[in-house]
$ cat run-v5.cif   # mmCIF, C-alpha atoms
data_entry
#
loop_
_atom_site.group_PDB
_atom_site.id
_atom_site.type_symbol
_atom_site.label_atom_id
_atom_site.label_comp_id
_atom_site.auth_asym_id
_atom_site.auth_seq_id
_atom_site.Cartn_x
_atom_site.Cartn_y
_atom_site.Cartn_z
ATOM 1 C CA MET A 1 262.528 81.531 -185.755
ATOM 2 C CA ARG A 2 266.205 82.151 -186.540
ATOM 3 C CA LYS A 3 266.020 85.617 -185.043
ATOM 4 C CA VAL A 4 264.700 84.182 -181.783
ATOM 5 C CA ILE A 5 267.496 81.592 -181.632
ATOM 6 C CA TYR A 6 270.158 84.221 -182.383
ATOM 7 C CA THR A 7 268.678 86.547 -179.790
ATOM 8 C CA LEU A 8 268.669 83.805 -177.143
ATOM 9 C CA PHE A 9 272.227 82.879 -178.039
ATOM 10 C CA ILE A 10 273.384 86.493 -177.700
ATOM 11 C CA LEU A 11 271.569 86.828 -174.368
ATOM 12 C CA LEU A 12 273.233 83.637 -173.119
ATOM 13 C CA ILE A 13 276.682 84.942 -174.071
ATOM 14 C CA ALA A 14 275.936 88.277 -172.388
ATOM 15 C CA ALA A 15 274.756 86.524 -169.215
ATOM 16 C CA LEU A 16 277.906 84.371 -169.095
ATOM 17 C CA THR A 17 280.121 87.411 -169.624
ATOM 18 C CA ILE A 18 278.386 89.349 -166.848
ATOM 19 C CA THR A 19 278.681 86.351 -164.512
ATOM 20 C CA ALA A 20 282.408 86.050 -165.248
ATOM 21 C CA PHE A 21 283.039 89.740 -164.508
ATOM 22 C CA TRP A 22 280.921 89.579 -161.339
ATOM 23 C CA SER A 23 282.873 86.527 -160.169
ATOM 24 C CA LYS A 24 286.219 88.275 -160.763
ATOM 25 C CA ASN A 25 284.979 91.303 -158.824
ATOM 26 C CA MET A 26 283.906 89.116 -155.901
ATOM 27 C CA ASP A 27 287.269 87.343 -155.951
ATOM 28 C CA SER A 28 289.218 90.588 -155.716
ATOM 29 C CA LYS A 29 286.898 91.902 -153.016
ATOM 30 C CA PHE A 30 286.848 88.872 -150.688
ATOM 31 C CA ILE A 31 289.304 86.161 -151.705
ATOM 32 C CA VAL A 32 292.426 88.211 -152.398
ATOM 33 C CA PRO A 33 292.276 89.936 -148.967
ATOM 34 C CA ALA A 34 291.961 86.524 -147.257
ATOM 35 C CA LEU A 35 295.017 85.307 -149.145
ATOM 36 C CA ASN A 36 296.964 88.484 -148.358
ATOM 37 C CA ASN A 37 296.138 88.217 -144.652
ATOM 38 C CA PHE A 38 297.082 84.542 -144.612
ATOM 39 C CA TYR A 39 300.458 85.087 -146.269
ATOM 40 C CA ALA A 40 301.293 88.164 -144.205
ATOM 41 C CA ASP A 41 300.803 86.131 -141.029
ATOM 42 C CA PHE A 42 302.394 82.998 -142.518
ATOM 43 C CA ILE A 43 305.565 84.917 -143.390
ATOM 44 C CA GLN A 44 305.729 86.480 -139.912
ATOM 45 C CA LYS A 45 304.821 83.145 -138.249
ATOM 46 C CA ASN A 46 301.910 84.923 -136.573
ATOM 47 C CA TYR A 47 299.453 82.042 -136.343
ATOM 48 C CA SER A 48 297.266 83.608 -133.645
ATOM 49 C CA ASN A 49 295.217 85.623 -136.182
ATOM 50 C CA MET A 50 294.697 82.815 -138.666
ATOM 51 C CA TYR A 51 291.302 81.820 -137.291
ATOM 52 C CA HIS A 52 289.934 84.910 -139.073
ATOM 53 C CA TYR A 53 290.616 83.478 -142.546
ATOM 54 C CA THR A 54 291.442 79.764 -142.199
ATOM 55 C CA ASP A 55 289.209 76.824 -141.418
ATOM 56 C CA PHE A 56 291.154 73.610 -140.991
ATOM 57 C CA SER A 57 288.414 72.057 -138.851
ATOM 58 C CA SER A 58 288.400 68.941 -141.013
ATOM 59 C CA HIS A 59 291.797 68.123 -139.464
ATOM 60 C CA THR A 60 290.581 67.865 -135.898
ATOM 61 C CA LYS A 61 288.105 65.714 -134.049
ATOM 62 C CA ASP A 62 286.911 68.640 -131.926
ATOM 63 C CA THR A 63 284.074 70.329 -133.800
ATOM 64 C CA ASN A 64 283.622 73.089 -131.201
ATOM 65 C CA LEU A 65 286.963 74.847 -131.429
ATOM 66 C CA THR A 66 287.498 78.232 -129.859
ATOM 67 C CA ASN A 67 289.319 80.885 -131.861
ATOM 68 C CA GLU A 68 292.493 79.972 -129.996
ATOM 69 C CA GLY A 69 291.907 76.317 -130.876
ATOM 70 C CA LYS A 70 291.457 77.197 -134.545
ATOM 71 C CA ALA A 71 294.705 79.200 -134.462
ATOM 72 C CA SER A 72 296.474 76.297 -132.770
ATOM 73 C CA VAL A 73 295.309 73.857 -135.456
ATOM 74 C CA ALA A 74 296.558 76.264 -138.160
ATOM 75 C CA GLU A 75 299.936 76.557 -136.438
ATOM 76 C CA GLY A 76 300.248 72.805 -136.050
ATOM 77 C CA LEU A 77 299.495 72.225 -139.720
ATOM 78 C CA LEU A 78 301.570 75.068 -141.168
ATOM 79 C CA ASN A 79 304.587 75.454 -138.882
ATOM 80 C CA ASN A 80 306.814 72.816 -140.525
ATOM 81 C CA ASP A 81 306.125 74.099 -144.014
ATOM 82 C CA ARG A 82 306.885 77.629 -142.895
ATOM 83 C CA HIS A 83 310.168 76.439 -141.379
ATOM 84 C CA TRP A 84 311.281 74.807 -144.629
ATOM 85 C CA TYR A 85 310.571 77.950 -146.636
ATOM 86 C CA GLY A 86 313.275 79.764 -144.705
ATOM 87 C CA HIS A 87 313.629 83.445 -145.554
ATOM 88 C CA ILE A 88 310.577 84.395 -147.612
ATOM 89 C CA GLN A 89 311.250 87.516 -149.644
ATOM 90 C CA ARG A 90 307.807 88.051 -151.149
ATOM 91 C CA TYR A 91 304.760 86.327 -152.554
ATOM 92 C CA SER A 92 302.340 87.015 -155.367
ATOM 93 C CA ILE A 93 298.972 85.589 -156.235
ATOM 94 C CA ASP A 94 299.463 84.170 -159.717
ATOM 95 C CA LYS A 95 295.979 82.908 -160.418
ATOM 96 C CA VAL A 96 292.602 82.475 -158.789
ATOM 97 C CA SER A 97 290.474 79.825 -160.481
ATOM 98 C CA TRP A 98 286.788 79.212 -160.116
ATOM 99 C CA ARG A 99 285.983 75.731 -158.752
ATOM 100 C CA GLY A 100 282.326 76.315 -158.042
ATOM 101 C CA ILE A 101 279.977 78.935 -156.692
ATOM 102 C CA ASN A 102 281.521 78.866 -153.208
ATOM 103 C CA LYS A 103 284.994 77.527 -153.933
ATOM 104 C CA ARG A 104 288.161 78.936 -155.495
ATOM 105 C CA ASN A 105 291.649 77.606 -156.079
ATOM 106 C CA ALA A 106 294.633 79.953 -155.913
ATOM 107 C CA LYS A 107 298.170 79.485 -157.140
ATOM 108 C CA VAL A 108 300.601 81.589 -155.118
ATOM 109 C CA ALA A 109 304.255 82.169 -156.027
ATOM 110 C CA VAL A 110 306.474 82.355 -152.951
ATOM 111 C CA THR A 111 309.971 83.744 -153.473
ATOM 112 C CA THR A 112 312.490 82.625 -150.895
ATOM 113 C CA LEU A 113 316.253 82.337 -150.540
ATOM 114 C CA ASP A 114 317.870 78.962 -151.138
ATOM 115 C CA VAL A 115 320.878 77.661 -149.179
ATOM 116 C CA ASN A 116 323.253 79.687 -151.397
ATOM 117 C CA GLY A 117 321.316 82.911 -150.855
ATOM 118 C CA ASP A 118 319.856 82.860 -154.357
ATOM 119 C CA GLU A 119 316.193 83.586 -154.900
ATOM 120 C CA GLN A 120 313.951 80.709 -155.862
ATOM 121 C CA THR A 121 310.258 80.781 -156.571
ATOM 122 C CA LEU A 122 308.060 77.985 -155.283
ATOM 123 C CA TYR A 123 304.340 77.569 -155.815
ATOM 124 C CA ASP A 124 301.646 76.940 -153.221
ATOM 125 C CA GLU A 125 298.125 75.861 -154.049
ATOM 126 C CA VAL A 126 295.398 77.099 -151.766
ATOM 127 C CA VAL A 127 291.696 76.281 -151.724
ATOM 128 C CA ILE A 128 289.306 78.963 -150.463
ATOM 129 C CA LYS A 129 285.696 78.146 -149.609
ATOM 130 C CA ARG A 130 282.774 80.269 -148.588
ATOM 131 C CA ILE A 131 281.487 79.227 -145.201
ATOM 132 C CA GLY A 132 278.466 81.237 -144.145
ATOM 133 C CA SER A 133 279.066 84.767 -145.389
ATOM 134 C CA SER A 134 282.890 84.681 -145.229
ATOM 135 C CA TRP A 135 285.674 83.082 -147.242
ATOM 136 C CA PHE A 136 288.170 80.771 -145.534
ATOM 137 C CA ILE A 137 291.296 78.948 -146.614
ATOM 138 C CA THR A 138 290.472 75.279 -146.113
ATOM 139 C CA GLU A 139 293.336 73.562 -147.920
ATOM 140 C CA TYR A 140 296.993 74.464 -148.266
ATOM 141 C CA ASN A 141 299.439 72.533 -150.447
ATOM 142 C CA SER A 142 302.928 73.805 -149.864
ATOM 143 C CA GLY A 143 305.447 74.377 -152.597
ATOM 144 C CA SER A 144 308.302 74.260 -150.077
ATOM 145 C CA PRO A 145 311.300 72.126 -151.024
ATOM 146 C CA TRP A 146 310.462 69.598 -148.304
ATOM 147 C CA ARG A 147 306.699 69.339 -148.365
ATOM 148 C CA THR A 148 305.712 68.124 -144.976
ATOM 149 C CA MET A 149 301.989 68.327 -145.410
ATOM 150 C CA LYS A 150 299.345 68.043 -148.028
ATOM 151 C CA LEU A 151 295.872 68.864 -146.933
ATOM 152 C CA PRO A 152 293.121 66.809 -148.565
#
$ encode --input "run-v5.cif" --output "structure tokens"
Amino acid sequence: MRKVIYTLFILLIAALTITAFWSKNMDSKFIVPALNNFYADFIQKNYSNMYHYTDFSSHTKDTNLTNEGKASVAEGLLNNDRHWYGHIQRYSIDKVSWRGINKRNAKVAVTTLDVNGDEQTLYDEVVIKRIGSSWFITEYNSGSPWRTMKLP
């Protein structure tokens, strides 16, 4: 009986380990590119492409948004925060955490210049959800010095 319990315990640990590695692989394959695309466009203030990897539909009453409408919502929600960041030098994805089968939380370090020209690192928190077969950023909590928005 002990052998059976030990065997089941070892199989459970193996299954959890495999699931953890599979999840990390999926994150690097789908979530990291969405974050990279988002920040590349965020830094350049190019909001027109954001409908590809953001879904802020919970912030509008119109449920049938066109791609241009989705981009407009993203710009409206993110433009002030982008302004307060000023000159962004770089960003790095510090951590992607598992919040469920179809949900991840990312902590992103954004390095920008302060008013004296010195580099400072601020931290954004981003929530990424799977909607259909794609991953979308659904929440963005800015680390900018003057946080103008906090998505639910």
$ closest_residue --input "run-v5.cif" --among "A:Ser134, A:Gly143, A:Thr111, A:Ser57" --to "A:Asp81" --atoms "all atoms listed in the file"
A:Gly143
$ atom_distance --input "run-v5.cif" --atom1 "atom CA of A:Lys95" --atom2 "atom CA of A:Val126"
10.4 Å
$ closest_residue --input "run-v5.cif" --among "A:Ile31, A:Pro145, A:Ser58, A:Asn46" --to "A:Asn102" --atoms "all atoms listed in the file"
A:Ile31
$ atom_distance --input "run-v5.cif" --atom1 "atom CA of A:Asn105" --atom2 "atom CA of A:Lys129"
8.8 Å
$ resolve_selection --input "run-v5.cif" --expression "the PyMOL selection byres ((chain A and resi 35) around 12)" --output "ChimeraX atom specification"
/A:27-34,36-42,50,52-54,91-96,104-109,124-129,135-140
$ residues_around --input "run-v5.cif" --residues "A:Arg82" --least-positions-apart "6" --cutoff "9 Å" --atoms "all atoms listed in the file" --output "PyMOL selection string"
chain A and resi 42-43+45+142+144
$ atom_distance --input "run-v5.cif" --atom1 "atom CA of A:Leu122" --atom2 "atom CA of A:Ile101"
28.1 Å
$ closest_residue --input "run-v5.cif" --among "A:Trp98, A:Tyr47, A:Phe56, A:Tyr85" --to "A:Asp114" --atoms "only C-alpha atoms"
A:Tyr85
$ resolve_selection --input "run-v5.cif" --expression "the PyMOL selection byres ((chain A and resi 68-75) around 8)" --output "JSON, numbers by chain"
{"A": [47, 48, 49, 50, 51, 54, 55, 56, 57, 59, 60, 65, 66, 67, 76, 77, 78, 79]}
$ resolve_selection --input "run-v5.cif" --expression "the PyMOL selection byres ((chain A and resi 115-117) around 12)" --output "ChimeraX atom specification"
/A:84-89,111-114,118-120,145
$ write_last_selection --input "run-v5.cif" --atoms "C-alpha atoms" --output "CSV table (one decimal), in the frame of the given file"
chain,number,residue,atom,x,y,z
A,84,TRP,CA,311.3,74.8,-144.6
A,85,TYR,CA,310.6,78.0,-146.6
A,86,GLY,CA,313.3,79.8,-144.7
A,87,HIS,CA,313.6,83.4,-145.6
A,88,ILE,CA,310.6,84.4,-147.6
A,89,GLN,CA,311.2,87.5,-149.6
A,111,THR,CA,310.0,83.7,-153.5
A,112,THR,CA,312.5,82.6,-150.9
A,113,LEU,CA,316.3,82.3,-150.5
A,114,ASP,CA,317.9,79.0,-151.1
A,118,ASP,CA,319.9,82.9,-154.4
A,119,GLU,CA,316.2,83.6,-154.9
A,120,GLN,CA,314.0,80.7,-155.9
A,145,PRO,CA,311.3,72.1,-151.0
$ decode --input "run-v5.cif" --residues "stretch 132-143 of chain A" --atoms "N, CA, C and O atoms" --output "tab-separated table (two decimals), in the first residue's frame"
chain	number	residue	atom	x	y	z
A	132	GLY	N	-10.89	33.98	-26.54
A	132	GLY	CA	-10.89	33.14	-27.73
A	132	GLY	C	-9.57	32.39	-27.78
A	132	GLY	O	-9.16	31.74	-26.83
A	133	SER	N	-8.86	32.52	-28.89
A	133	SER	CA	-7.58	31.83	-29.03
A	133	SER	C	-6.38	32.76	-28.89
A	133	SER	O	-5.24	32.34	-29.07
A	134	SER	N	-6.63	34.04	-28.56
A	134	SER	CA	-5.55	35.02	-28.46
A	134	SER	C	-5.47	35.61	-27.06
A	134	SER	O	-6.43	35.57	-26.30
A	135	TRP	N	-4.32	36.18	-26.75
A	135	TRP	CA	-4.09	36.83	-25.46
A	135	TRP	C	-4.15	38.33	-25.64
A	135	TRP	O	-3.56	38.89	-26.57
A	136	PHE	N	-4.86	39.01	-24.71
A	136	PHE	CA	-5.05	40.45	-24.78
A	136	PHE	C	-4.75	41.09	-23.43
A	136	PHE	O	-5.08	40.53	-22.38
A	137	ILE	N	-4.19	42.27	-23.48
A	137	ILE	CA	-3.99	43.06	-22.27
A	137	ILE	C	-5.34	43.69	-21.94
A	137	ILE	O	-5.92	44.40	-22.75
A	138	THR	N	-5.85	43.39	-20.75
A	138	THR	CA	-7.17	43.88	-20.36
A	138	THR	C	-7.11	44.90	-19.23
A	138	THR	O	-8.08	45.60	-19.00
A	139	GLU	N	-6.00	44.94	-18.52
A	139	GLU	CA	-5.85	45.89	-17.43
A	139	GLU	C	-4.42	46.43	-17.45
A	139	GLU	O	-3.47	45.69	-17.69
A	140	TYR	N	-4.30	47.72	-17.19
A	140	TYR	CA	-3.00	48.37	-17.16
A	140	TYR	C	-2.97	49.31	-15.96
A	140	TYR	O	-3.78	50.22	-15.86
A	141	ASN	N	-2.07	49.07	-15.03
A	141	ASN	CA	-1.88	49.94	-13.88
A	141	ASN	C	-0.52	50.59	-14.00
A	141	ASN	O	0.51	49.93	-13.86
A	142	SER	N	-0.54	51.87	-14.27
A	142	SER	CA	0.67	52.61	-14.56
A	142	SER	C	1.54	52.79	-13.32
A	142	SER	O	1.04	52.97	-12.22
A	143	GLY	N	2.83	52.79	-13.55
A	143	GLY	CA	3.78	53.12	-12.50
A	143	GLY	C	4.29	54.54	-12.65
A	143	GLY	O	5.22	54.94	-11.97
